[in-house]
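Engineer: Below are the structure tokens for one structure; questions will follow.
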Amino acid sequence: MRSNGLAEDELFSFLLSVKEDDRGYRRVLSSMCTLPHPVAVRAMNLFIESNLGDPGLFEGTASLEALLVERVGSLMHLPEACGYATSGGTESNLQALRMARRNADVRSPNVVVPESAHFSFEKACEILSLEMRVAPSDGRYRMDADAAADLMDKNTIALVGVAGTTEYGVVDPIAALSDIAFDRDTAFHVDAAFGGLVLPFLRDAPLFDFRLEGVTSISVDPHKMGMSTIPVGCLLTRDPSMLCSLNVDTPYLTVKQEFTLAGTRSGGAVAGALAVIEHLGHDGFTAVVAECMANHHRLIDGMAALGYPVLAEPEVNVASFDCPAAPAGWQVSRTRHGHMRIVCMPHITTTIIEEFLKDFGDMHV
């Protein structure tokens, strides 16, 4: 640490020089996060000091968290869902498995996840000492429900499905998986970290939420398609007792028990997430999603015209292609199978898609 601090102008000159090393978002086609909505930034700044780790000190902020859970719960067709604001999908998925383990009397527990599951499940299983059984995908990159059922046994404490996979943008057969979990009285967690704020705004989207009686818990991330500031996710449960089973004593705080994973939690990010939901409303989100999907379909059509049809027929705005390298200057990513992956987030405009297609065509045709 310096003995003398930097003057403010010198400090921000340094910070701005570092900021230039960041890519910015204009040519970033691989991110599931985006530029935060201006109302999210403004709301976060209003609550910048709020710590939901000690909610009795910030009762107003705690009421915003409860309202956020209600709003997201309503989107998932269960406004009375129990839940809280997490740091994102990784924490939500870990907590979902922690709930399942706490509520199952099994000595050698296992969980069944799809081949396409986010890497957070590998972390969660390692932390919780769970055997992770991986169900293969079918020919459309979706979880094979029959294979998942075959992997389950008396020690299976949870089944996991994904609504909007990270790599291919597809929705697993959630309804079939829900039936399997319900029939076997097994917890069923739906990872909708990305798709949870896309699918409710699409016509004819597959069922993935609490309308399915086997769904036990759902994760949704406002800091993805919700255009909130980072970090904020939501974990929702059908049965409050499952989440409350995670309570630990917190004697020196204003509340005496907490079921959260993190201690200190940002109230500002929660305010930002709620602000976007309240500001845009259903119609506003529908318009945002429609624009993203329009650019997504333009990308798919353009790549097909260049000889690279989309893989998997994605339901949400993630598309992967079996093709060679992307043009210089464009940030894309690769799936575990080596396919080029592009996410059409709100910062990806039609102009950007057309520029990418032109550059790709110039390079490969």
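Ordering of the structure tokens sets the chain letters (A, B, ...); residue numbers start at 1 within each chain; ligands are numbered from 1 in the order shown.
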Applying 12 Å and only C-alpha atoms, which residues near Pro36 in chain A remain after dropping the ones on its own chain fewer than 3 positions away? List them as a ChimeraX atom specification.
Structural biologist: /A:25,32-33,39-44,222-232,269,272-273,275-276,345-347
Engineer: If you count only C-alpha atoms, which residues fall within 12 Å of Phe119 in chain A, apart from same-chain ones fewer than 2 positions away, as a list in words?
Structural biologist: Gly89, Thr90, Glu91, Asn93, Leu94, Val113, Pro114, Glu115, Ser116, Ala117, Phe121, Glu122, Lys123, Ala124, Cys125, Glu126, Met132, Val134, Thr165, Thr166, Glu167, Asp191 and Arg336 of chain A
Engineer: So that I have them on file, write out the residues from the current selection with N, CA and C atoms, as a short mmCIF file (atom, residue, chain, number, x, y, z; two decimals), in the first residue's frame.
Structural biologist:
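Result file is result-v6.cif:
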data_model
loop_
_atom_site.label_atom_id
_atom_site.label_comp_id
_atom_site.auth_asym_id
_atom_site.auth_seq_id
_atom_site.Cartn_x
_atom_site.Cartn_y
_atom_site.Cartn_z
N GLY A 89 -26.01 -17.92 -11.13
CA GLY A 89 -26.36 -19.31 -11.32
C GLY A 89 -25.50 -20.30 -10.56
N THR A 90 -24.22 -20.02 -10.43
CA THR A 90 -23.34 -20.96 -9.71
C THR A 90 -23.79 -21.13 -8.27
N GLU A 91 -24.04 -20.01 -7.59
CA GLU A 91 -24.51 -20.10 -6.21
C GLU A 91 -25.90 -20.74 -6.14
N ASN A 93 -27.29 -22.89 -8.16
CA ASN A 93 -27.22 -24.33 -8.42
C ASN A 93 -26.62 -25.09 -7.24
N LEU A 94 -25.60 -24.50 -6.63
CA LEU A 94 -25.01 -25.11 -5.44
C LEU A 94 -26.04 -25.21 -4.32
N VAL A 113 -27.33 -35.20 -13.79
CA VAL A 113 -27.31 -33.94 -14.53
C VAL A 113 -27.14 -34.23 -16.01
N PRO A 114 -27.53 -33.29 -16.86
CA PRO A 114 -27.33 -33.51 -18.30
C PRO A 114 -25.88 -33.30 -18.71
N GLU A 115 -25.52 -33.90 -19.82
CA GLU A 115 -24.19 -33.69 -20.39
C GLU A 115 -23.92 -32.21 -20.61
N SER A 116 -24.96 -31.46 -20.90
CA SER A 116 -24.83 -30.02 -21.20
C SER A 116 -24.84 -29.15 -19.95
N ALA A 117 -24.85 -29.75 -18.77
CA ALA A 117 -24.95 -28.96 -17.53
C ALA A 117 -23.80 -27.97 -17.41
N PHE A 121 -22.19 -27.25 -11.68
CA PHE A 121 -22.63 -28.48 -11.03
C PHE A 121 -21.46 -29.36 -10.64
N GLU A 122 -20.41 -29.34 -11.44
CA GLU A 122 -19.20 -30.08 -11.07
C GLU A 122 -18.61 -29.50 -9.78
N LYS A 123 -18.58 -28.17 -9.70
CA LYS A 123 -18.09 -27.53 -8.47
C LYS A 123 -18.97 -27.91 -7.28
N ALA A 124 -20.28 -27.81 -7.49
CA ALA A 124 -21.21 -28.08 -6.39
C ALA A 124 -21.08 -29.50 -5.89
N CYS A 125 -20.97 -30.45 -6.80
CA CYS A 125 -20.85 -31.85 -6.39
C CYS A 125 -19.55 -32.12 -5.64
N GLU A 126 -18.48 -31.45 -6.07
CA GLU A 126 -17.21 -31.60 -5.36
C GLU A 126 -17.30 -31.02 -3.95
N MET A 132 -21.71 -37.24 -9.14
CA MET A 132 -22.39 -36.62 -10.27
C MET A 132 -22.51 -37.62 -11.40
N VAL A 134 -23.80 -38.30 -15.17
CA VAL A 134 -24.05 -37.47 -16.34
C VAL A 134 -24.86 -38.23 -17.37
N THR A 165 -29.58 -24.04 -22.58
CA THR A 165 -28.22 -24.48 -22.26
C THR A 165 -27.18 -23.45 -22.67
N THR A 166 -26.10 -23.42 -21.93
CA THR A 166 -25.04 -22.44 -22.14
C THR A 166 -24.41 -22.57 -23.52
N GLU A 167 -24.27 -23.79 -24.01
CA GLU A 167 -23.52 -24.01 -25.24
C GLU A 167 -24.37 -24.05 -26.50
N ASP A 191 -32.25 -25.44 -14.10
CA ASP A 191 -31.29 -24.35 -14.28
C ASP A 191 -31.77 -23.50 -15.46
N ARG A 336 -17.74 -27.49 -25.83
CA ARG A 336 -16.84 -28.60 -25.51
C ARG A 336 -16.62 -29.53 -26.70
#
Engineer: Rank A:Phe210, A:Phe356, A:Tyr252, A:Phe285 by their smallest atom-to-atom distance to Leu78 in chain A, using only C-alpha atoms, and report the top residue only.
Structural biologist: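 That would be A:Phe210, the residue with the smallest distance to Leu78 in chain A.
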Engineer: Could you find all residues in range 134-254 of chain A that DSSP calls strand (DSSP E or B) from the backbone, and write them as a ChimeraX atom specification?
Structural biologist: /A:134-135,137,143,156-163,171,187-191,217-220,233-237,248-249
Engineer: When distances are computed from only C-alpha atoms, which of A:Gly268, A:Gly329, A:Gly195, A:Pro79 shows the smallest separation from Glu65 in chain A?
Structural biologist: A:Gly268
Engineer: Using only C-alpha atoms, which residue out of A:Asp204, A:Glu213, A:Asp54, A:Asp21 lies closest to Phe188 in chain A?
Structural biologist: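 Of A:Asp204, A:Glu213, A:Asp54, A:Asp21, the one nearest Phe188 in chain A, counting only C-alpha atoms, is A:Glu213.
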Engineer: Got a sec: who's within 8 Å of Ala96 in chain A, counting only C-alpha atoms, leaving out chain neighbours fewer than 4 positions off, as an NGL selection string?
Structural biologist: :A and (92 or 100 or 189 or 217 or 235)
Engineer: Could you build a table of the residues in range 117-152 of chain A lying no more than 9 Å from range 168-183 of chain A, giving for each the nearest pair of atoms and their separation in Å rounded to one decimal place, using only C-alpha atoms, ordered by chain and ascending residue number, as a Markdown table?
Structural biologist:
| residue | atom | partner | partner_atom | distance |
| --- | --- | --- | --- | --- |
| A:Arg140 | CA | A:Val170 | CA | 8.5 |
| A:Tyr141 | CA | A:Tyr168 | CA | 7.3 |
| A:Arg142 | CA | A:Asp172 | CA | 5.0 |
| A:Met143 | CA | A:Asp172 | CA | 5.4 |
| A:Asp144 | CA | A:Pro173 | CA | 7.9 |
| A:Ala145 | CA | A:Leu177 | CA | 6.1 |
| A:Asp146 | CA | A:Leu177 | CA | 8.9 |
| A:Ala148 | CA | A:Leu177 | CA | 8.2 |
| A:Ala149 | CA | A:Ile180 | CA | 6.9 |
Engineer: Which residues are near Val112 in chain A? Cut-off 9 Å, only C-alpha atoms, ignore same chain within fewer than 2 positions. Put them as number ranges by chain.
Structural biologist: A: 110, 114, 131-135, 148-149, 151-152, 156-161
Engineer: Since we have the selection now, will you write its residues out, keeping C-alpha atoms, as a CSV table (one decimal), in the first residue's frame?
Structural biologist:
chain,number,residue,atom,x,y,z
A,110,ASN,CA,-25.8,-38.9,-6.2
A,114,PRO,CA,-27.3,-33.5,-18.3
A,131,GLU,CA,-21.6,-38.4,-7.0
A,132,MET,CA,-22.4,-36.6,-10.3
A,133,ARG,CA,-24.0,-38.9,-12.8
A,134,VAL,CA,-24.0,-37.5,-16.3
A,135,ALA,CA,-26.9,-38.3,-18.7
A,148,ALA,CA,-31.5,-40.0,-17.1
A,149,ALA,CA,-34.1,-42.2,-15.6
A,151,LEU,CA,-29.1,-43.5,-14.0
A,152,MET,CA,-31.4,-42.8,-11.0
A,156,THR,CA,-30.4,-40.2,-6.2
A,157,ILE,CA,-31.3,-37.0,-4.3
A,158,ALA,CA,-31.8,-34.7,-7.3
A,159,LEU,CA,-32.4,-34.6,-11.0
A,160,VAL,CA,-31.3,-31.5,-13.0
A,161,GLY,CA,-32.5,-30.1,-16.3
Engineer: With a distance cut-off of 8 Å and only C-alpha atoms, select the neighbouring residues of Cys344 in chain A, excluding the residue or stretch itself and same-chain residues fewer than 4 positions from it, and output the selection as a PyMOL selection string.
Structural biologist: chain A and resi 29+292-293+295-296+317-318+348
Engineer: Residues as selected, N, CA and C atoms, written as a PDB file, in the first residue's frame, can you do that?
Structural biologist:
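After the write, out_14.pdb holds the following:
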ATOM      1  N   LEU A  29     -19.294 -11.500 -28.852  1.00  0.00           N
ATOM      2  CA  LEU A  29     -20.444 -12.311 -29.236  1.00  0.00           C
ATOM      3  C   LEU A  29     -20.573 -13.563 -28.381  1.00  0.00           C
ATOM      4  N   CYS A 292     -33.635  -9.447 -29.698  1.00  0.00           N
ATOM      5  CA  CYS A 292     -32.521 -10.402 -29.603  1.00  0.00           C
ATOM      6  C   CYS A 292     -32.774 -11.629 -30.473  1.00  0.00           C
ATOM      7  N   MET A 293     -34.002 -12.128 -30.447  1.00  0.00           N
ATOM      8  CA  MET A 293     -34.322 -13.313 -31.236  1.00  0.00           C
ATOM      9  C   MET A 293     -34.302 -12.997 -32.730  1.00  0.00           C
ATOM     10  N   ASN A 295     -32.286 -10.865 -34.200  1.00  0.00           N
ATOM     11  CA  ASN A 295     -30.864 -10.876 -34.565  1.00  0.00           C
ATOM     12  C   ASN A 295     -30.303 -12.296 -34.550  1.00  0.00           C
ATOM     13  N   HIS A 296     -30.759 -13.090 -33.617  1.00  0.00           N
ATOM     14  CA  HIS A 296     -30.385 -14.508 -33.528  1.00  0.00           C
ATOM     15  C   HIS A 296     -30.771 -15.240 -34.818  1.00  0.00           C
ATOM     16  N   ASN A 317     -31.674 -17.454 -27.516  1.00  0.00           N
ATOM     17  CA  ASN A 317     -30.760 -16.710 -28.379  1.00  0.00           C
ATOM     18  C   ASN A 317     -29.281 -17.080 -28.209  1.00  0.00           C
ATOM     19  N   VAL A 318     -29.007 -18.369 -28.286  1.00  0.00           N
ATOM     20  CA  VAL A 318     -27.649 -18.923 -28.315  1.00  0.00           C
ATOM     21  C   VAL A 318     -27.575 -19.833 -29.529  1.00  0.00           C
ATOM     22  N   ILE A 348     -25.959  -6.698 -28.853  1.00  0.00           N
ATOM     23  CA  ILE A 348     -25.666  -7.134 -30.222  1.00  0.00           C
ATOM     24  C   ILE A 348     -26.788  -6.637 -31.139  1.00  0.00           C
TER      25      ILE A 348
END
Engineer: Can you work out which one of A:Pro309, A:Cys244, A:Trp330, A:Leu357 has the shortest atom-to-atom distance to Arg23 in chain A, counting only C-alpha atoms?
Structural biologist: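 Closest to Arg23 in chain A of all the choices is A:Trp330.
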Engineer: Could you check how far CA of Ser74 in chain A sits from CA of His118 in chain A, in Å to one decimal?
Structural biologist: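 Those two atoms sit 24.9 Å apart.
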Engineer: Select, from A:Asp362, A:Glu49, A:Asp301, A:Asp249, the residue with the minimum atom-to-atom distance to Val270 in chain A, counting only C-alpha atoms.
Structural biologist: A:Glu49
Engineer: Residues near Asp283 in chain A, anyone? I mean within 12 Å using only C-alpha atoms, not counting same-chain ones fewer than 6 positions away, as a PDB file with N, CA, C and O atoms, in the first residue's frame.
Structural biologist:
ATOM      1  N   PRO A 200     -40.211 -16.933 -20.951  1.00  0.00           N
ATOM      2  CA  PRO A 200     -41.541 -16.403 -20.625  1.00  0.00           C
ATOM      3  C   PRO A 200     -42.047 -15.354 -21.607  1.00  0.00           C
ATOM      4  O   PRO A 200     -43.241 -15.030 -21.602  1.00  0.00           O
ATOM      5  N   PHE A 201     -41.164 -14.818 -22.446  1.00  0.00           N
ATOM      6  CA  PHE A 201     -41.546 -13.753 -23.363  1.00  0.00           C
ATOM      7  C   PHE A 201     -41.620 -14.231 -24.813  1.00  0.00           C
ATOM      8  O   PHE A 201     -41.687 -13.422 -25.733  1.00  0.00           O
ATOM      9  N   LEU A 202     -41.592 -15.543 -25.014  1.00  0.00           N
ATOM     10  CA  LEU A 202     -41.684 -16.132 -26.343  1.00  0.00           C
ATOM     11  C   LEU A 202     -43.014 -16.869 -26.497  1.00  0.00           C
ATOM     12  O   LEU A 202     -43.506 -17.476 -25.539  1.00  0.00           O
ATOM     13  N   ILE A 277     -36.932  -4.745 -14.040  1.00  0.00           N
ATOM     14  CA  ILE A 277     -38.196  -5.478 -14.160  1.00  0.00           C
ATOM     15  C   ILE A 277     -39.383  -4.527 -14.046  1.00  0.00           C
ATOM     16  O   ILE A 277     -40.340  -4.591 -14.828  1.00  0.00           O
ATOM     17  N   VAL A 289     -36.556  -9.142 -25.858  1.00  0.00           N
ATOM     18  CA  VAL A 289     -36.335 -10.527 -26.259  1.00  0.00           C
ATOM     19  C   VAL A 289     -36.609 -10.698 -27.753  1.00  0.00           C
ATOM     20  O   VAL A 289     -35.865 -11.397 -28.464  1.00  0.00           O
ATOM     21  N   ALA A 290     -37.663 -10.050 -28.252  1.00  0.00           N
ATOM     22  CA  ALA A 290     -37.991 -10.157 -29.677  1.00  0.00           C
ATOM     23  C   ALA A 290     -36.854  -9.626 -30.546  1.00  0.00           C
ATOM     24  O   ALA A 290     -36.517 -10.218 -31.580  1.00  0.00           O
TER      25      ALA A 290
END
